[in-house]
Amino acid sequence: MKINCIGTGTMGSITRGNQSILIEDTLIDIGSGIVKKLESLQIYSKNVKRILITHVHADHLVDLPNFLIGRNIRNENKECLKIICGKGVRETIINLFELCFGDGQKNKYKDFEKKFNVEFIELKNNQVYKDEDLEITAYELEHGGCKPILGFTIEKNKKIIGYATDTTLCTNVKTICQKSDIAFLDATNTVPTKSHMGLNELLELKAEFRNCRICAIHRSDYVHNHIEGIEFPEDGEIIEI
């Protein structure tokens, strides 16, 4: 599988875009600025079959209107797009569209799925979405008071990619590492906070799960990238497994 690191930074990062990766035709997180980053890489909506949304904070969600509207304008909406997210996120997304593009018309997005040719798949902890190409499992994470907040494993061709950003070190982060060949993990700070993991915890995970490649993502500008055993992908970098 080919993994394109679209953005690897935090909301406050100057040197990196907001966190987002593209696993072949599956995009995880679509925060502010991600659509233009995709277009600069000549990746367009017709190449994306699924969008996974971890949570509804702006740096992980708010470019979805630009993505779907651009998709319609360019007639790239012939195939139904799967939006995989936590329970209740569909309503938040429709509210976001009404706020950004509703123009005061309360029922403008009444038939949202038909208008944009999308299907919402709302998952709870340990629930699985599976199609002919891959299998996605959702895991509840811990990110302050934010609910729902999900991590994922994506399995294809007997390879598993894990993704857990915007989270503290909780049981499901370890579950993701245990199952994955490569895991993209929150490293917002050098030391952990009440809402984010730190680099020291990634070192602990690497020591415990030696068969899992660990990539530090969602990094603040001051987080250095010279720690043996941990990978530090940059924006636009491609990783293949």
# chains A, B, ... in the order shown; residues from 1 in each chain; ligands from 1
call {"tool": "select_by_dssp", "arguments": {"residues": "region 46-88 of chain A", "states": "helix (DSSP H, G or I)", "output": "PyMOL selection string"}}
result
chain A and resi 46-47+58-61+64-73
call {"tool": "residues_around", "arguments": {"residues": "region 135-145 of chain A", "least_positions_apart": "4", "cutoff": "9 Å", "atoms": "only C-alpha atoms", "output": "number ranges by chain"}}
result
A: 85-86, 123-131, 149-156, 164-173, 175-176, 194-196
call {"tool": "closest_residue", "arguments": {"among": "A:Leu38, A:Val89, A:Leu81, A:Ile161", "to": "Thr54 (chain A)", "atoms": "only C-alpha atoms"}}
result
A:Val89
call {"tool": "closest_residue", "arguments": {"among": "A:Pro233, A:Pro65, A:Gly88, A:Gly102", "to": "Ala187 (chain A)", "atoms": "only C-alpha atoms"}}
result
A:Pro233
call {"tool": "residues_around", "arguments": {"residues": "Lys82 (chain A)", "least_positions_apart": "6", "cutoff": "8 Å", "atoms": "only C-alpha atoms", "output": "VMD selection string"}}
result
chain A and resid 49 to 51 118 to 121
call {"tool": "residues_around", "arguments": {"residues": "region 21-33 of chain A", "least_positions_apart": "4", "cutoff": "7 Å", "atoms": "only C-alpha atoms", "output": "ChimeraX atom specification"}}
result
/A:1-7,37,47-54,58-64
call {"tool": "write_last_selection", "arguments": {"atoms": "N, CA and C atoms", "output": "PDB file, in the first residue's frame"}}
result
ATOM      1  N   MET A   1       0.837  -1.199   0.000  1.00  0.00           N
ATOM      2  CA  MET A   1       0.000   0.000   0.000  1.00  0.00           C
ATOM      3  C   MET A   1       0.873   1.250   0.000  1.00  0.00           C
ATOM      4  N   LYS A   2       0.398   2.280  -0.671  1.00  0.00           N
ATOM      5  CA  LYS A   2       1.106   3.558  -0.718  1.00  0.00           C
ATOM      6  C   LYS A   2       0.404   4.552   0.197  1.00  0.00           C
ATOM      7  N   ILE A   3       1.181   5.182   1.066  1.00  0.00           N
ATOM      8  CA  ILE A   3       0.667   6.157   2.020  1.00  0.00           C
ATOM      9  C   ILE A   3       1.277   7.515   1.687  1.00  0.00           C
ATOM     10  N   ASN A   4       0.427   8.484   1.389  1.00  0.00           N
ATOM     11  CA  ASN A   4       0.885   9.840   1.088  1.00  0.00           C
ATOM     12  C   ASN A   4       0.598  10.720   2.300  1.00  0.00           C
ATOM     13  N   CYS A   5       1.643  11.257   2.893  1.00  0.00           N
ATOM     14  CA  CYS A   5       1.489  12.127   4.060  1.00  0.00           C
ATOM     15  C   CYS A   5       1.132  13.526   3.575  1.00  0.00           C
ATOM     16  N   ILE A   6      -0.132  13.839   3.533  1.00  0.00           N
ATOM     17  CA  ILE A   6      -0.588  15.131   3.013  1.00  0.00           C
ATOM     18  C   ILE A   6      -0.176  16.256   3.957  1.00  0.00           C
ATOM     19  N   GLY A   7      -0.459  16.090   5.236  1.00  0.00           N
ATOM     20  CA  GLY A   7      -0.050  17.046   6.262  1.00  0.00           C
ATOM     21  C   GLY A   7       0.379  16.297   7.503  1.00  0.00           C
ATOM     22  N   LYS A  37      -3.835  21.443  -0.548  1.00  0.00           N
ATOM     23  CA  LYS A  37      -2.646  20.589  -0.524  1.00  0.00           C
ATOM     24  C   LYS A  37      -2.829  19.392  -1.459  1.00  0.00           C
ATOM     25  N   ASN A  47     -10.130  10.654  -7.146  1.00  0.00           N
ATOM     26  CA  ASN A  47      -9.206   9.614  -6.710  1.00  0.00           C
ATOM     27  C   ASN A  47      -9.493   9.117  -5.301  1.00  0.00           C
ATOM     28  N   VAL A  48     -10.483   9.705  -4.629  1.00  0.00           N
ATOM     29  CA  VAL A  48     -10.776   9.363  -3.237  1.00  0.00           C
ATOM     30  C   VAL A  48     -12.129   8.653  -3.166  1.00  0.00           C
ATOM     31  N   LYS A  49     -12.118   7.444  -2.611  1.00  0.00           N
ATOM     32  CA  LYS A  49     -13.349   6.668  -2.481  1.00  0.00           C
ATOM     33  C   LYS A  49     -13.935   6.712  -1.069  1.00  0.00           C
ATOM     34  N   ARG A  50     -13.069   7.002  -0.094  1.00  0.00           N
ATOM     35  CA  ARG A  50     -13.500   7.007   1.305  1.00  0.00           C
ATOM     36  C   ARG A  50     -12.799   8.148   2.035  1.00  0.00           C
ATOM     37  N   ILE A  51     -13.533   8.789   2.944  1.00  0.00           N
ATOM     38  CA  ILE A  51     -12.935   9.767   3.843  1.00  0.00           C
ATOM     39  C   ILE A  51     -13.227   9.315   5.269  1.00  0.00           C
ATOM     40  N   LEU A  52     -12.168   9.153   6.058  1.00  0.00           N
ATOM     41  CA  LEU A  52     -12.294   8.803   7.465  1.00  0.00           C
ATOM     42  C   LEU A  52     -12.096  10.069   8.283  1.00  0.00           C
ATOM     43  N   ILE A  53     -13.016  10.334   9.194  1.00  0.00           N
ATOM     44  CA  ILE A  53     -12.941  11.521  10.034  1.00  0.00           C
ATOM     45  C   ILE A  53     -12.766  11.085  11.479  1.00  0.00           C
ATOM     46  N   THR A  54     -11.664  11.506  12.086  1.00  0.00           N
ATOM     47  CA  THR A  54     -11.390  11.092  13.461  1.00  0.00           C
ATOM     48  C   THR A  54     -12.271  11.827  14.463  1.00  0.00           C
ATOM     49  N   ALA A  58     -11.670  21.617  13.997  1.00  0.00           N
ATOM     50  CA  ALA A  58     -11.512  22.295  12.708  1.00  0.00           C
ATOM     51  C   ALA A  58     -10.339  21.764  11.894  1.00  0.00           C
ATOM     52  N   ASP A  59      -9.228  21.449  12.559  1.00  0.00           N
ATOM     53  CA  ASP A  59      -8.039  21.032  11.816  1.00  0.00           C
ATOM     54  C   ASP A  59      -8.123  19.588  11.331  1.00  0.00           C
ATOM     55  N   HIS A  60      -9.290  18.961  11.528  1.00  0.00           N
ATOM     56  CA  HIS A  60      -9.498  17.597  11.034  1.00  0.00           C
ATOM     57  C   HIS A  60     -10.767  17.462  10.183  1.00  0.00           C
ATOM     58  N   LEU A  61     -11.547  18.539  10.061  1.00  0.00           N
ATOM     59  CA  LEU A  61     -12.860  18.418   9.416  1.00  0.00           C
ATOM     60  C   LEU A  61     -13.211  19.515   8.421  1.00  0.00           C
ATOM     61  N   VAL A  62     -12.824  20.779   8.671  1.00  0.00           N
ATOM     62  CA  VAL A  62     -13.544  21.893   8.038  1.00  0.00           C
ATOM     63  C   VAL A  62     -13.310  22.075   6.544  1.00  0.00           C
ATOM     64  N   ASP A  63     -12.412  21.320   5.926  1.00  0.00           N
ATOM     65  CA  ASP A  63     -12.274  21.414   4.471  1.00  0.00           C
ATOM     66  C   ASP A  63     -13.211  20.462   3.732  1.00  0.00           C
ATOM     67  N   LEU A  64     -14.018  19.711   4.469  1.00  0.00           N
ATOM     68  CA  LEU A  64     -14.946  18.790   3.797  1.00  0.00           C
ATOM     69  C   LEU A  64     -15.927  19.520   2.874  1.00  0.00           C
TER      70      LEU A  64
END
call {"tool": "residues_around", "arguments": {"residues": "region 93-96 of chain A", "least_positions_apart": "2", "cutoff": "8 Å", "atoms": "only C-alpha atoms", "output": "tab-separated table (two decimals) with C-alpha atoms, in the first residue's frame"}}
result
chain	number	residue	atom	x	y	z
A	62	VAL	CA	-13.54	21.89	8.04
A	65	PRO	CA	-17.36	21.39	2.31
A	89	VAL	CA	-20.91	13.26	13.14
A	90	ARG	CA	-23.26	13.28	10.12
A	91	GLU	CA	-25.44	15.90	11.84
A	98	GLU	CA	-25.49	25.15	6.53
A	99	LEU	CA	-23.15	27.54	8.34
A	100	CYS	CA	-20.67	27.88	5.46
A	109	TYR	CA	-29.07	20.29	2.67
A	112	PHE	CA	-27.45	15.81	1.68
call {"tool": "atom_distance", "arguments": {"atom1": "CA of Ser180 (chain A)", "atom2": "CA of Tyr163 (chain A)"}}
result
9.2 Å
call {"tool": "residues_around", "arguments": {"residues": "Phe232 (chain A)", "least_positions_apart": "5", "cutoff": "12 Å", "atoms": "only C-alpha atoms", "output": "list of chain:residue names"}}
result
A:Cys5, A:Gly7, A:Thr8, A:Gly9, A:Ala183, A:Phe184, A:Leu185, A:Asp186, A:Ala187, A:Leu199, A:Leu202, A:Arg213, A:Ile214, A:Cys215, A:Ala216, A:Ile217, A:His218, A:Arg219, A:Ser220, A:Val223, A:His224, A:Asn225, A:His226, A:Ile227, A:Glu237, A:Ile238, A:Ile239
call {"tool": "select_by_dssp", "arguments": {"residues": "region 2-120 of chain A", "states": "strand (DSSP E)", "output": "PyMOL selection string"}}
result
chain A and resi 2-7+20-23+26-28+50-52+81-86+118-120
call {"tool": "write_last_selection", "arguments": {"atoms": "C-alpha atoms", "output": "PDB file, in the first residue's frame"}}
result
ATOM      1  CA  LYS A   2       1.106   3.558  -0.718  1.00  0.00           C
ATOM      2  CA  ILE A   3       0.667   6.157   2.020  1.00  0.00           C
ATOM      3  CA  ASN A   4       0.885   9.840   1.088  1.00  0.00           C
ATOM      4  CA  CYS A   5       1.489  12.127   4.060  1.00  0.00           C
ATOM      5  CA  ILE A   6      -0.588  15.131   3.013  1.00  0.00           C
ATOM      6  CA  GLY A   7      -0.050  17.046   6.262  1.00  0.00           C
ATOM      7  CA  SER A  20      -3.961  14.162   7.014  1.00  0.00           C
ATOM      8  CA  ILE A  21      -2.822  11.031   5.203  1.00  0.00           C
ATOM      9  CA  LEU A  22      -4.012   9.371   2.006  1.00  0.00           C
ATOM     10  CA  ILE A  23      -3.822   5.584   1.895  1.00  0.00           C
ATOM     11  CA  THR A  26      -8.758   6.476   1.439  1.00  0.00           C
ATOM     12  CA  LEU A  27      -8.242   9.909   3.006  1.00  0.00           C
ATOM     13  CA  ILE A  28      -7.995  10.250   6.777  1.00  0.00           C
ATOM     14  CA  ARG A  50     -13.500   7.007   1.305  1.00  0.00           C
ATOM     15  CA  ILE A  51     -12.935   9.767   3.843  1.00  0.00           C
ATOM     16  CA  LEU A  52     -12.294   8.803   7.465  1.00  0.00           C
ATOM     17  CA  LEU A  81     -18.149   8.486  -1.583  1.00  0.00           C
ATOM     18  CA  LYS A  82     -18.098   6.756   1.807  1.00  0.00           C
ATOM     19  CA  ILE A  83     -17.705   9.075   4.819  1.00  0.00           C
ATOM     20  CA  ILE A  84     -16.663   6.965   7.791  1.00  0.00           C
ATOM     21  CA  CYS A  85     -16.903   8.678  11.165  1.00  0.00           C
ATOM     22  CA  GLY A  86     -18.190   8.466  14.731  1.00  0.00           C
ATOM     23  CA  VAL A 118     -22.179  10.240  -0.331  1.00  0.00           C
ATOM     24  CA  GLU A 119     -22.969   7.570   2.222  1.00  0.00           C
ATOM     25  CA  PHE A 120     -22.337   8.081   5.929  1.00  0.00           C
TER      26      PHE A 120
END
call {"tool": "atom_distance", "arguments": {"atom1": "CA of Asp235 (chain A)", "atom2": "CA of Phe97 (chain A)"}}
result
27.6 Å
call {"tool": "atom_distance", "arguments": {"atom1": "CA of Arg16 (chain A)", "atom2": "CA of Ile160 (chain A)"}}
result
25.7 Å
